[in-house]
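> Here it is, the structure in full.
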Amino acid sequence: MTETLKDLIDELGPSARAAYAAEAAAAGDLVVIAVPLKLVNDMPVEELAGKVVLDTNNYMSWRDGHFPVIDSGEKTVHELRQEQLPTSKVAKAFTHIQAPRLFSAARPAGDPKRLALSVSSDYPEAVEIVTRLYDQFGFDTVDNAR
């Protein structure tokens, strides 16, 4: 699979490399997961242990299938993902902005047209990291836990 990314890696330059999920998870200090939600976890739990994990996924029943535990309101998507990564500090982030808009919608701090993105996490240190990251990208933060 990493061979199929060769052209992209070449385009991105010498700091980029391709890896399988477990290798990428082990290498990252801050890890972004952008994978559809599944009831049966197939993410590398051990390699993500102790790390802040940014979950960018949105539950889409037309894509992911219907999950009664979510559809009924018994659990949120974030709660399910945190259960799947019990030793990680999961933060829902970047869930309501498309990647190309990260560049076109960014504004400097204090700009009256600066947008805010939300973050949800049970871990204040994860919210702090996302808040700094959002600011670097040009966005304010709305902490859903406050």
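By convention in this document, the chains of the structure tokens carry letters A, B, ... by their order, each chain's residues are numbered from 1, and ligands are numbered from 1 in the order they are shown.
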Write out as a PDB file with C-alpha atoms, in the first residue's frame the residues lying within 12 Å of Asn41 in chain A, counting only C-alpha atoms and excluding same-chain residues fewer than 3 positions away.


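As written to disk, part00.pdb reads:
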```pdb
ATOM      1  CA  VAL A  35     -11.115   7.008   9.263  1.00  0.00           C
ATOM      2  CA  PRO A  36     -14.806   6.149   9.185  1.00  0.00           C
ATOM      3  CA  LEU A  37     -16.331   4.979  12.432  1.00  0.00           C
ATOM      4  CA  LYS A  38     -16.709   1.231  12.920  1.00  0.00           C
ATOM      5  CA  PRO A  44      -3.719   0.477  16.478  1.00  0.00           C
ATOM      6  CA  VAL A  45      -4.680   0.882  20.156  1.00  0.00           C
ATOM      7  CA  LEU A  80     -17.613   5.421  21.218  1.00  0.00           C
ATOM      8  CA  ARG A  81     -14.268   6.514  19.747  1.00  0.00           C
ATOM      9  CA  GLN A  82     -12.827   7.133  23.231  1.00  0.00           C
ATOM     10  CA  GLU A  83     -13.940   3.644  24.273  1.00  0.00           C
ATOM     11  CA  GLN A  84     -12.181   2.244  21.207  1.00  0.00           C
ATOM     12  CA  LEU A  85      -8.975   4.058  22.202  1.00  0.00           C
ATOM     13  CA  PRO A  86      -9.163   3.755  25.996  1.00  0.00           C
TER      14      PRO A  86
END
```

> When you look at range 98-104 of chain A with a cut-off of 12 Å (counting only C-alpha atoms), what residues show up, excluding the ones that are within fewer than 5 positions of it in the same chain? I need them as an NGL selection string.

:A and (34 or 56-58 or 93 or 114-117 or 133-139)

> Using only C-alpha atoms, which of A:Tyr123, A:Lys92, A:Pro112, A:Glu79 sits nearest Val142 in chain A?

A:Lys92

> Within range 2-88 of chain A, find each residue whose DSSP state, derived from the backbone, is alpha helix (DSSP H), and express the selection as a PDB file with N, CA and C atoms, in the first residue's frame.


```
ATOM      1  N   LYS A   6       3.772   6.685  -3.588  1.00  0.00           N
ATOM      2  CA  LYS A   6       5.100   7.154  -3.984  1.00  0.00           C
ATOM      3  C   LYS A   6       5.066   8.514  -4.665  1.00  0.00           C
ATOM      4  N   ASP A   7       4.187   8.727  -5.627  1.00  0.00           N
ATOM      5  CA  ASP A   7       4.146  10.009  -6.340  1.00  0.00           C
ATOM      6  C   ASP A   7       3.805  11.159  -5.387  1.00  0.00           C
ATOM      7  N   LEU A   8       2.860  10.932  -4.479  1.00  0.00           N
ATOM      8  CA  LEU A   8       2.492  11.970  -3.518  1.00  0.00           C
ATOM      9  C   LEU A   8       3.653  12.274  -2.576  1.00  0.00           C
ATOM     10  N   ILE A   9       4.317  11.252  -2.095  1.00  0.00           N
ATOM     11  CA  ILE A   9       5.458  11.433  -1.199  1.00  0.00           C
ATOM     12  C   ILE A   9       6.562  12.213  -1.906  1.00  0.00           C
ATOM     13  N   ASP A  10       6.826  11.873  -3.166  1.00  0.00           N
ATOM     14  CA  ASP A  10       7.828  12.601  -3.941  1.00  0.00           C
ATOM     15  C   ASP A  10       7.447  14.074  -4.072  1.00  0.00           C
ATOM     16  N   GLU A  11       6.169  14.328  -4.297  1.00  0.00           N
ATOM     17  CA  GLU A  11       5.684  15.710  -4.441  1.00  0.00           C
ATOM     18  C   GLU A  11       5.797  16.488  -3.123  1.00  0.00           C
ATOM     19  N   LEU A  12       5.536  15.825  -2.001  1.00  0.00           N
ATOM     20  CA  LEU A  12       5.573  16.498  -0.697  1.00  0.00           C
ATOM     21  C   LEU A  12       6.985  16.796  -0.222  1.00  0.00           C
ATOM     22  N   ALA A  21      -0.809   2.036   9.222  1.00  0.00           N
ATOM     23  CA  ALA A  21      -1.437   2.706  10.364  1.00  0.00           C
ATOM     24  C   ALA A  21      -0.662   2.527  11.670  1.00  0.00           C
ATOM     25  N   ALA A  22      -0.272   1.320  11.995  1.00  0.00           N
ATOM     26  CA  ALA A  22       0.424   1.080  13.262  1.00  0.00           C
ATOM     27  C   ALA A  22       1.764   1.813  13.303  1.00  0.00           C
ATOM     28  N   GLU A  23       2.487   1.812  12.198  1.00  0.00           N
ATOM     29  CA  GLU A  23       3.782   2.503  12.135  1.00  0.00           C
ATOM     30  C   GLU A  23       3.595   4.017  12.253  1.00  0.00           C
ATOM     31  N   ALA A  24       2.591   4.561  11.564  1.00  0.00           N
ATOM     32  CA  ALA A  24       2.322   5.996  11.648  1.00  0.00           C
ATOM     33  C   ALA A  24       1.887   6.378  13.060  1.00  0.00           C
ATOM     34  N   ALA A  25       1.046   5.563  13.676  1.00  0.00           N
ATOM     35  CA  ALA A  25       0.582   5.829  15.040  1.00  0.00           C
ATOM     36  C   ALA A  25       1.755   5.823  16.017  1.00  0.00           C
ATOM     37  N   ALA A  26       2.653   4.877  15.869  1.00  0.00           N
ATOM     38  CA  ALA A  26       3.809   4.780  16.762  1.00  0.00           C
ATOM     39  C   ALA A  26       4.748   5.969  16.582  1.00  0.00           C
ATOM     40  N   ALA A  27       4.856   6.482  15.371  1.00  0.00           N
ATOM     41  CA  ALA A  27       5.806   7.552  15.082  1.00  0.00           C
ATOM     42  C   ALA A  27       5.313   8.923  15.541  1.00  0.00           C
ATOM     43  N   VAL A  45      -4.482   0.409  18.783  1.00  0.00           N
ATOM     44  CA  VAL A  45      -4.680   0.882  20.156  1.00  0.00           C
ATOM     45  C   VAL A  45      -3.357   0.996  20.903  1.00  0.00           C
ATOM     46  N   GLU A  46      -2.540  -0.020  20.825  1.00  0.00           N
ATOM     47  CA  GLU A  46      -1.275  -0.032  21.567  1.00  0.00           C
ATOM     48  C   GLU A  46      -0.358   1.102  21.122  1.00  0.00           C
ATOM     49  N   GLU A  47      -0.265   1.321  19.825  1.00  0.00           N
ATOM     50  CA  GLU A  47       0.625   2.355  19.298  1.00  0.00           C
ATOM     51  C   GLU A  47       0.108   3.769  19.603  1.00  0.00           C
ATOM     52  N   LEU A  48      -1.195   3.899  19.848  1.00  0.00           N
ATOM     53  CA  LEU A  48      -1.777   5.202  20.161  1.00  0.00           C
ATOM     54  C   LEU A  48      -1.879   5.465  21.665  1.00  0.00           C
ATOM     55  N   SER A  61     -24.352   7.737   8.561  1.00  0.00           N
ATOM     56  CA  SER A  61     -24.990   6.427   8.492  1.00  0.00           C
ATOM     57  C   SER A  61     -25.056   5.894   7.067  1.00  0.00           C
ATOM     58  N   TRP A  62     -25.152   6.770   6.076  1.00  0.00           N
ATOM     59  CA  TRP A  62     -25.188   6.310   4.688  1.00  0.00           C
ATOM     60  C   TRP A  62     -23.857   5.689   4.271  1.00  0.00           C
ATOM     61  N   ARG A  63     -22.770   6.064   4.956  1.00  0.00           N
ATOM     62  CA  ARG A  63     -21.445   5.526   4.654  1.00  0.00           C
ATOM     63  C   ARG A  63     -21.043   4.447   5.661  1.00  0.00           C
ATOM     64  N   ASP A  64     -21.278   4.718   6.943  1.00  0.00           N
ATOM     65  CA  ASP A  64     -20.782   3.871   8.020  1.00  0.00           C
ATOM     66  C   ASP A  64     -21.744   2.754   8.402  1.00  0.00           C
ATOM     67  N   PRO A  68     -26.986   1.444  16.274  1.00  0.00           N
ATOM     68  CA  PRO A  68     -28.079   1.690  17.218  1.00  0.00           C
ATOM     69  C   PRO A  68     -27.642   2.421  18.483  1.00  0.00           C
ATOM     70  N   VAL A  69     -26.452   2.154  18.986  1.00  0.00           N
ATOM     71  CA  VAL A  69     -25.970   2.795  20.205  1.00  0.00           C
ATOM     72  C   VAL A  69     -25.829   4.316  20.014  1.00  0.00           C
ATOM     73  N   ILE A  70     -25.554   4.750  18.809  1.00  0.00           N
ATOM     74  CA  ILE A  70     -25.453   6.178  18.503  1.00  0.00           C
ATOM     75  C   ILE A  70     -26.815   6.723  18.099  1.00  0.00           C
ATOM     76  N   ASP A  71     -27.500   6.008  17.213  1.00  0.00           N
ATOM     77  CA  ASP A  71     -28.805   6.471  16.733  1.00  0.00           C
ATOM     78  C   ASP A  71     -29.802   6.660  17.876  1.00  0.00           C
ATOM     79  N   VAL A  77     -20.736   9.802  19.261  1.00  0.00           N
ATOM     80  CA  VAL A  77     -19.638   9.317  18.433  1.00  0.00           C
ATOM     81  C   VAL A  77     -18.321   9.450  19.196  1.00  0.00           C
ATOM     82  N   HIS A  78     -18.157  10.569  19.885  1.00  0.00           N
ATOM     83  CA  HIS A  78     -16.932  10.781  20.651  1.00  0.00           C
ATOM     84  C   HIS A  78     -16.783   9.733  21.754  1.00  0.00           C
ATOM     85  N   GLU A  79     -17.857   9.434  22.463  1.00  0.00           N
ATOM     86  CA  GLU A  79     -17.772   8.425  23.526  1.00  0.00           C
ATOM     87  C   GLU A  79     -17.372   7.069  22.965  1.00  0.00           C
ATOM     88  N   LEU A  80     -17.948   6.704  21.831  1.00  0.00           N
ATOM     89  CA  LEU A  80     -17.613   5.421  21.218  1.00  0.00           C
ATOM     90  C   LEU A  80     -16.145   5.389  20.800  1.00  0.00           C
ATOM     91  N   ARG A  81     -15.668   6.470  20.189  1.00  0.00           N
ATOM     92  CA  ARG A  81     -14.268   6.514  19.747  1.00  0.00           C
ATOM     93  C   ARG A  81     -13.329   6.467  20.958  1.00  0.00           C
ATOM     94  N   GLN A  82     -13.669   7.165  22.040  1.00  0.00           N
ATOM     95  CA  GLN A  82     -12.827   7.133  23.231  1.00  0.00           C
ATOM     96  C   GLN A  82     -12.796   5.732  23.831  1.00  0.00           C
ATOM     97  N   GLU A  83     -13.919   5.034  23.796  1.00  0.00           N
ATOM     98  CA  GLU A  83     -13.940   3.644  24.273  1.00  0.00           C
ATOM     99  C   GLU A  83     -13.056   2.756  23.406  1.00  0.00           C
ATOM    100  N   GLN A  84     -13.008   3.036  22.109  1.00  0.00           N
ATOM    101  CA  GLN A  84     -12.181   2.244  21.207  1.00  0.00           C
ATOM    102  C   GLN A  84     -10.692   2.504  21.419  1.00  0.00           C
TER     103      GLN A  84
END
```

> I need the residues in range 15-144 of chain A that are strand (DSSP E) according to DSSP; give them as a JSON list (two decimals) with N, CA and C atoms, in the first residue's frame.


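Output (selection12.json):
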```
[["chain", "number", "residue", "atom", "x", "y", "z"],
["A", 30, "LEU", "N", 1.48, 13.59, 18.17],
["A", 30, "LEU", "CA", 0.08, 13.98, 18.04],
["A", 30, "LEU", "C", -0.41, 13.29, 16.78],
["A", 31, "VAL", "N", -1.48, 12.51, 16.89],
["A", 31, "VAL", "CA", -1.90, 11.68, 15.77],
["A", 31, "VAL", "C", -3.29, 12.10, 15.32],
["A", 32, "VAL", "N", -3.45, 12.28, 14.03],
["A", 32, "VAL", "CA", -4.75, 12.60, 13.44],
["A", 32, "VAL", "C", -5.29, 11.33, 12.81],
["A", 33, "ILE", "N", -6.51, 10.97, 13.19],
["A", 33, "ILE", "CA", -7.15, 9.83, 12.52],
["A", 33, "ILE", "C", -8.31, 10.37, 11.70],
["A", 52, "VAL", "N", -2.27, 12.09, 22.37],
["A", 52, "VAL", "CA", -3.44, 12.87, 21.99],
["A", 52, "VAL", "C", -3.78, 12.47, 20.56],
["A", 53, "VAL", "N", -5.03, 12.07, 20.36],
["A", 53, "VAL", "CA", -5.50, 11.61, 19.06],
["A", 53, "VAL", "C", -6.62, 12.53, 18.60],
["A", 54, "LEU", "N", -6.43, 13.20, 17.47],
["A", 54, "LEU", "CA", -7.45, 14.05, 16.91],
["A", 54, "LEU", "C", -8.32, 13.22, 15.98],
["A", 55, "ASP", "N", -9.57, 13.10, 16.32],
["A", 55, "ASP", "CA", -10.53, 12.34, 15.51],
["A", 55, "ASP", "C", -11.31, 13.31, 14.65],
["A", 89, "LYS", "N", -5.91, 10.00, 24.49],
["A", 89, "LYS", "CA", -6.65, 11.21, 24.85],
["A", 89, "LYS", "C", -7.29, 11.73, 23.58],
["A", 90, "VAL", "N", -8.50, 11.27, 23.31],
["A", 90, "VAL", "CA", -9.18, 11.58, 22.06],
["A", 90, "VAL", "C", -9.81, 12.97, 22.11],
["A", 91, "ALA", "N", -9.66, 13.71, 21.03],
["A", 91, "ALA", "CA", -10.31, 15.01, 20.86],
["A", 91, "ALA", "C", -10.98, 15.02, 19.50],
["A", 92, "LYS", "N", -12.26, 15.34, 19.48],
["A", 92, "LYS", "CA", -12.94, 15.53, 18.20],
["A", 92, "LYS", "C", -12.55, 16.91, 17.70],
["A", 93, "ALA", "N", -11.96, 16.96, 16.52],
["A", 93, "ALA", "CA", -11.45, 18.22, 15.98],
["A", 93, "ALA", "C", -11.55, 18.21, 14.46],
["A", 116, "ALA", "N", -14.55, 30.22, 14.09],
["A", 116, "ALA", "CA", -14.19, 29.35, 15.21],
["A", 116, "ALA", "C", -14.53, 27.92, 14.85],
["A", 117, "LEU", "N", -13.70, 27.00, 15.29],
["A", 117, "LEU", "CA", -13.93, 25.57, 15.11],
["A", 117, "LEU", "C", -14.10, 24.97, 16.51],
["A", 118, "SER", "N", -14.91, 23.92, 16.58],
["A", 118, "SER", "CA", -15.15, 23.32, 17.89],
["A", 118, "SER", "C", -14.19, 22.18, 18.18],
["A", 119, "VAL", "N", -14.05, 21.90, 19.46],
["A", 119, "VAL", "CA", -13.28, 20.75, 19.93],
["A", 119, "VAL", "C", -14.05, 20.13, 21.08],
["A", 120, "SER", "N", -14.00, 18.82, 21.15],
["A", 120, "SER", "CA", -14.63, 18.08, 22.25],
["A", 120, "SER", "C", -13.63, 17.05, 22.75],
["A", 121, "SER", "N", -13.41, 17.06, 24.06],
["A", 121, "SER", "CA", -12.52, 16.07, 24.66],
["A", 121, "SER", "C", -12.76, 16.01, 26.15],
["A", 140, "ASP", "N", -10.32, 30.51, 15.72],
["A", 140, "ASP", "CA", -10.57, 30.51, 17.16],
["A", 140, "ASP", "C", -11.14, 29.15, 17.52],
["A", 141, "THR", "N", -11.30, 28.92, 18.83],
["A", 141, "THR", "CA", -11.77, 27.62, 19.33],
["A", 141, "THR", "C", -13.04, 27.79, 20.15],
["A", 142, "VAL", "N", -13.96, 26.85, 19.96],
["A", 142, "VAL", "CA", -15.11, 26.70, 20.84],
["A", 142, "VAL", "C", -14.95, 25.34, 21.50],
["A", 143, "ASP", "N", -14.78, 25.36, 22.82],
["A", 143, "ASP", "CA", -14.62, 24.13, 23.60],
["A", 143, "ASP", "C", -16.02, 23.65, 23.99]]
```
